[in-house]
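Have a look at the structure below before the remarks.
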Amino acid sequence: MQTELIIMNEEKVIVLRPGRKDFEEIYFSGNQGSLFFSSATRGKTITTIVVGLILLLVFLFGNDFTKEKAGILYFVSFLFLLCAVFLSVSINKVSRWKKHVKSYLNKLENCNIYEIRFDQNFFTVNIDGEKETSEWKDFEYFDSNNEFITVEGKYSYMFPRKSMSEKDYSILKQVLKQNIKE
């Protein structure tokens with residue numbers, strides 16, 4: 001595929017049609033919304049279960065509690081408590097992220113205007129008059145695939161392919177590639 005250089009002498013506007021389902025498919029893909037099995041909590045959940053099972057085995061098969069066995073029980077109990085605390089902190093982070101995403105999706109679902117404006121100097125996202133403007137140098141990273149484009153920097157964005165025309169998706173991808181230097 002040949003990519004052409006897009007020359008931006010004037011402002012380009014892409015109007016997005018935000019569908020909640022389109023955003024949810026991306027945000028919550030691969031168990032991302034799961035409190036116990038998201039990528040942030042899966043390892044901690046499994047570790048806590050394993051340590052809990054070991055604690056149960058030590059407790060069940062430690063009929064005669066000598067000082068050595070009592071020490072092992074205390075140690076495994078401490079490990080279990082530590083794992084449970086780390087797991088609860090991770091679950092809290094996922095829960096807050098999920099709440100933030102749902103709030104954002106509610107805002108998008110009820111918006112009348114959702115557009116991206118850009119020229120040779122600035123990139124602006126407008127949601128019902130709330131504008132976030134960045135200079136191109138403010139962006140650190142962008143990535144795209146068949147489902148969405150993600151942009152990271154002063155502000156971070158995710159734009160589903162389904163929320164715009166194929167032509168606009170292609171133009172946005174090319175403009176981001178031209179203007180965001182990794």
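A note on labels: chains of the structure tokens are A, B, ... as shown, every chain counts residues from 1, and ligands are counted from 1 in their shown order.
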
Exercise for review: Write out as JSON, numbers by chain which residues come within 12 Å of Val51 (chain A) when counting only C-alpha atoms, dropping same-chain ones fewer than 2 positions away.
Suggested key: {"A": [44, 45, 46, 47, 48, 49, 53, 54, 55, 56, 57, 58, 73, 75, 76, 77, 78, 79, 80, 81, 82, 83, 84]}

Check your understanding: His100 (chain A): which residues within 12 Å, counting only C-alpha atoms, same-chain residues fewer than 6 positions away excluded, as a PyMOL selection string?
Key -> chain A and resi 27+33+93-94+106-107

Exercise for review: Could you give me, as a PyMOL selection string, each residue of region 35-174 of chain A that DSSP assigns to strand (DSSP E or B) when run on this structure's backbone?
Suggested key: chain A and resi 114-118+122-127+130-135+139-144+148-153+157-160

**Study point:** Exercise: Phe36 (chain A) partners within 8 Å, only C-alpha atoms, chain neighbours under 2 positions left out, as a list in words
**Key:**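 My reading of the contact set: Ser34, Ser38, Thr41, Arg42, Thr45 and Ile91 of chain A.
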
Take the residues just selected and output them with C-alpha atoms as a tab-separated table (two decimals), in the first residue's frame.
chain	number	residue	atom	x	y	z
A	34	SER	CA	-12.84	-8.53	35.09
A	38	SER	CA	-7.89	-8.74	34.08
A	41	THR	CA	-5.04	-8.90	38.60
A	42	ARG	CA	-4.79	-12.37	37.01
A	45	THR	CA	-5.45	-13.84	41.90
A	91	ILE	CA	-8.81	-5.02	42.27

Exercise for review: Run DSSP on the backbone and grab whatever in region 94-134 of chain A lands in helix (DSSP H, G or I); send it over as JSON, numbers by chain.
Suggested key: {"A": [94, 95, 96, 97, 98, 99, 100, 101, 102, 103, 104, 105, 106, 107, 108, 109]}

Review point. What gap, in Å, lies between CA of Pro160 (chain A) and CA of Gly43 (chain A)?
Key: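 Those two atoms sit 28.9 Å apart.
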
Practice item. Using only C-alpha atoms, pick whichever of A:Lys131, A:Lys154, A:Arg20, A:Lys181 has the shortest atom-to-atom distance to Tyr114 (chain A). Key: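 Smallest separation from Tyr114 (chain A) among the options: A:Lys131.
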
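Residues surrounding Phe139 (chain A) within 9 Å are Ser134, Glu135, Val151, Glu152, Gly153, Lys154, Tyr155, Ser156, Asn179, Ile180, Lys181 and Glu182 of chain A [only C-alpha atoms; sequence separation below 4 positions excluded].
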
Include all heavy atoms and write out the residues we just selected as an mmCIF file, in the first residue's frame.
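Contents of again25.cif, as written:
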data_model
loop_
_atom_site.group_PDB
_atom_site.id
_atom_site.type_symbol
_atom_site.label_atom_id
_atom_site.label_comp_id
_atom_site.auth_asym_id
_atom_site.auth_seq_id
_atom_site.Cartn_x
_atom_site.Cartn_y
_atom_site.Cartn_z
ATOM 1 N N SER A 134 -3.740 19.830 21.858
ATOM 2 C CA SER A 134 -2.337 19.498 22.063
ATOM 3 C C SER A 134 -1.544 19.906 20.828
ATOM 4 O O SER A 134 -2.052 19.854 19.714
ATOM 5 C CB SER A 134 -2.153 17.988 22.251
ATOM 6 O OG SER A 134 -2.875 17.516 23.346
ATOM 7 N N GLU A 135 -0.307 20.295 21.071
ATOM 8 C CA GLU A 135 0.609 20.456 19.950
ATOM 9 C C GLU A 135 1.082 19.057 19.580
ATOM 10 O O GLU A 135 1.098 18.149 20.420
ATOM 11 C CB GLU A 135 1.794 21.328 20.357
ATOM 12 C CG GLU A 135 1.437 22.783 20.587
ATOM 13 C CD GLU A 135 2.663 23.615 20.901
ATOM 14 O OE1 GLU A 135 3.439 23.882 19.954
ATOM 15 O OE2 GLU A 135 2.850 23.961 22.072
ATOM 16 N N VAL A 151 -3.669 6.985 20.909
ATOM 17 C CA VAL A 151 -2.699 8.085 20.928
ATOM 18 C C VAL A 151 -2.371 8.383 22.390
ATOM 19 O O VAL A 151 -3.270 8.517 23.216
ATOM 20 C CB VAL A 151 -3.286 9.355 20.262
ATOM 21 C CG1 VAL A 151 -2.237 10.439 20.196
ATOM 22 C CG2 VAL A 151 -3.829 9.051 18.886
ATOM 23 N N GLU A 152 -1.084 8.475 22.712
ATOM 24 C CA GLU A 152 -0.647 8.729 24.084
ATOM 25 C C GLU A 152 0.184 9.999 24.134
ATOM 26 O O GLU A 152 1.016 10.236 23.267
ATOM 27 C CB GLU A 152 0.222 7.571 24.599
ATOM 28 C CG GLU A 152 -0.439 6.215 24.590
ATOM 29 C CD GLU A 152 -1.429 6.028 25.705
ATOM 30 O OE1 GLU A 152 -1.252 6.667 26.760
ATOM 31 O OE2 GLU A 152 -2.382 5.268 25.524
ATOM 32 N N GLY A 153 -0.042 10.791 25.166
ATOM 33 C CA GLY A 153 0.726 12.017 25.350
ATOM 34 C C GLY A 153 0.139 12.855 26.453
ATOM 35 O O GLY A 153 -0.289 12.331 27.479
ATOM 36 N N LYS A 154 0.116 14.166 26.241
ATOM 37 C CA LYS A 154 -0.486 15.085 27.211
ATOM 38 C C LYS A 154 -1.903 14.613 27.544
ATOM 39 O O LYS A 154 -2.316 14.627 28.699
ATOM 40 C CB LYS A 154 -0.508 16.488 26.596
ATOM 41 C CG LYS A 154 -1.168 17.553 27.418
ATOM 42 C CD LYS A 154 -1.093 18.900 26.667
ATOM 43 C CE LYS A 154 -1.981 19.947 27.270
ATOM 44 N NZ LYS A 154 -1.952 21.180 26.460
ATOM 45 N N TYR A 155 -2.647 14.217 26.531
ATOM 46 C CA TYR A 155 -3.944 13.554 26.675
ATOM 47 C C TYR A 155 -3.831 12.230 25.947
ATOM 48 O O TYR A 155 -3.066 12.100 25.002
ATOM 49 C CB TYR A 155 -5.073 14.385 26.045
ATOM 50 C CG TYR A 155 -5.243 15.769 26.628
ATOM 51 C CD1 TYR A 155 -4.847 16.897 25.915
ATOM 52 C CD2 TYR A 155 -5.796 15.946 27.885
ATOM 53 C CE1 TYR A 155 -5.012 18.173 26.441
ATOM 54 C CE2 TYR A 155 -5.962 17.214 28.421
ATOM 55 C CZ TYR A 155 -5.563 18.328 27.691
ATOM 56 O OH TYR A 155 -5.728 19.576 28.221
ATOM 57 N N SER A 156 -4.590 11.251 26.382
ATOM 58 C CA SER A 156 -4.580 9.944 25.721
ATOM 59 C C SER A 156 -5.956 9.667 25.138
ATOM 60 O O SER A 156 -6.972 9.981 25.757
ATOM 61 C CB SER A 156 -4.204 8.851 26.723
ATOM 62 O OG SER A 156 -2.895 9.067 27.186
ATOM 63 N N ASN A 179 3.061 13.015 12.031
ATOM 64 C CA ASN A 179 3.289 14.061 13.012
ATOM 65 C C ASN A 179 3.800 13.594 14.369
ATOM 66 O O ASN A 179 4.303 14.410 15.145
ATOM 67 C CB ASN A 179 2.010 14.876 13.219
ATOM 68 C CG ASN A 179 1.714 15.726 12.022
ATOM 69 O OD1 ASN A 179 2.388 16.710 11.778
ATOM 70 N ND2 ASN A 179 0.724 15.336 11.247
ATOM 71 N N ILE A 180 3.659 12.323 14.670
ATOM 72 C CA ILE A 180 4.128 11.838 15.972
ATOM 73 C C ILE A 180 5.422 11.066 15.751
ATOM 74 O O ILE A 180 5.428 9.985 15.184
ATOM 75 C CB ILE A 180 3.056 10.971 16.676
ATOM 76 C CG1 ILE A 180 1.812 11.822 16.922
ATOM 77 C CG2 ILE A 180 3.605 10.393 17.969
ATOM 78 C CD1 ILE A 180 0.644 11.065 17.503
ATOM 79 N N LYS A 181 6.474 11.660 16.204
ATOM 80 C CA LYS A 181 7.808 11.064 16.050
ATOM 81 C C LYS A 181 8.134 10.238 17.276
ATOM 82 O O LYS A 181 8.186 10.746 18.373
ATOM 83 C CB LYS A 181 8.865 12.158 15.847
ATOM 84 C CG LYS A 181 8.519 13.185 14.810
ATOM 85 C CD LYS A 181 8.408 12.591 13.436
ATOM 86 C CE LYS A 181 8.083 13.683 12.412
ATOM 87 N NZ LYS A 181 7.196 13.287 11.383
ATOM 88 N N GLU A 182 8.356 8.963 17.039
ATOM 89 C CA GLU A 182 8.661 8.071 18.172
ATOM 90 C C GLU A 182 10.138 8.054 18.471
ATOM 91 O O GLU A 182 10.975 8.257 17.707
ATOM 92 C CB GLU A 182 8.184 6.648 17.870
ATOM 93 C CG GLU A 182 6.679 6.592 17.801
ATOM 94 C CD GLU A 182 6.186 5.189 17.548
ATOM 95 O OE1 GLU A 182 6.645 4.273 18.249
ATOM 96 O OE2 GLU A 182 5.355 5.026 16.672
#

Practice item. Tell me which of A:Glu68, A:Thr150, A:Pro18, A:Val13 sits closest to Asn112 (chain A), counting only C-alpha atoms. Key: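 Under the stated criterion, the closest residue is A:Pro18.
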
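The space between CA of Lys177 (chain A) and CA of Val101 (chain A) spans 26.4 Å.
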
Review point. In Å, how far is it from CA of Phe159 (chain A) to CA of Ala40 (chain A)?
Key: 22.7 Å

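In this comparison, which uses only C-alpha atoms, the residue of A:Gln32, A:Ser103, A:Thr133, A:Ser39 approaching Glu115 (chain A) most closely is A:Thr133.
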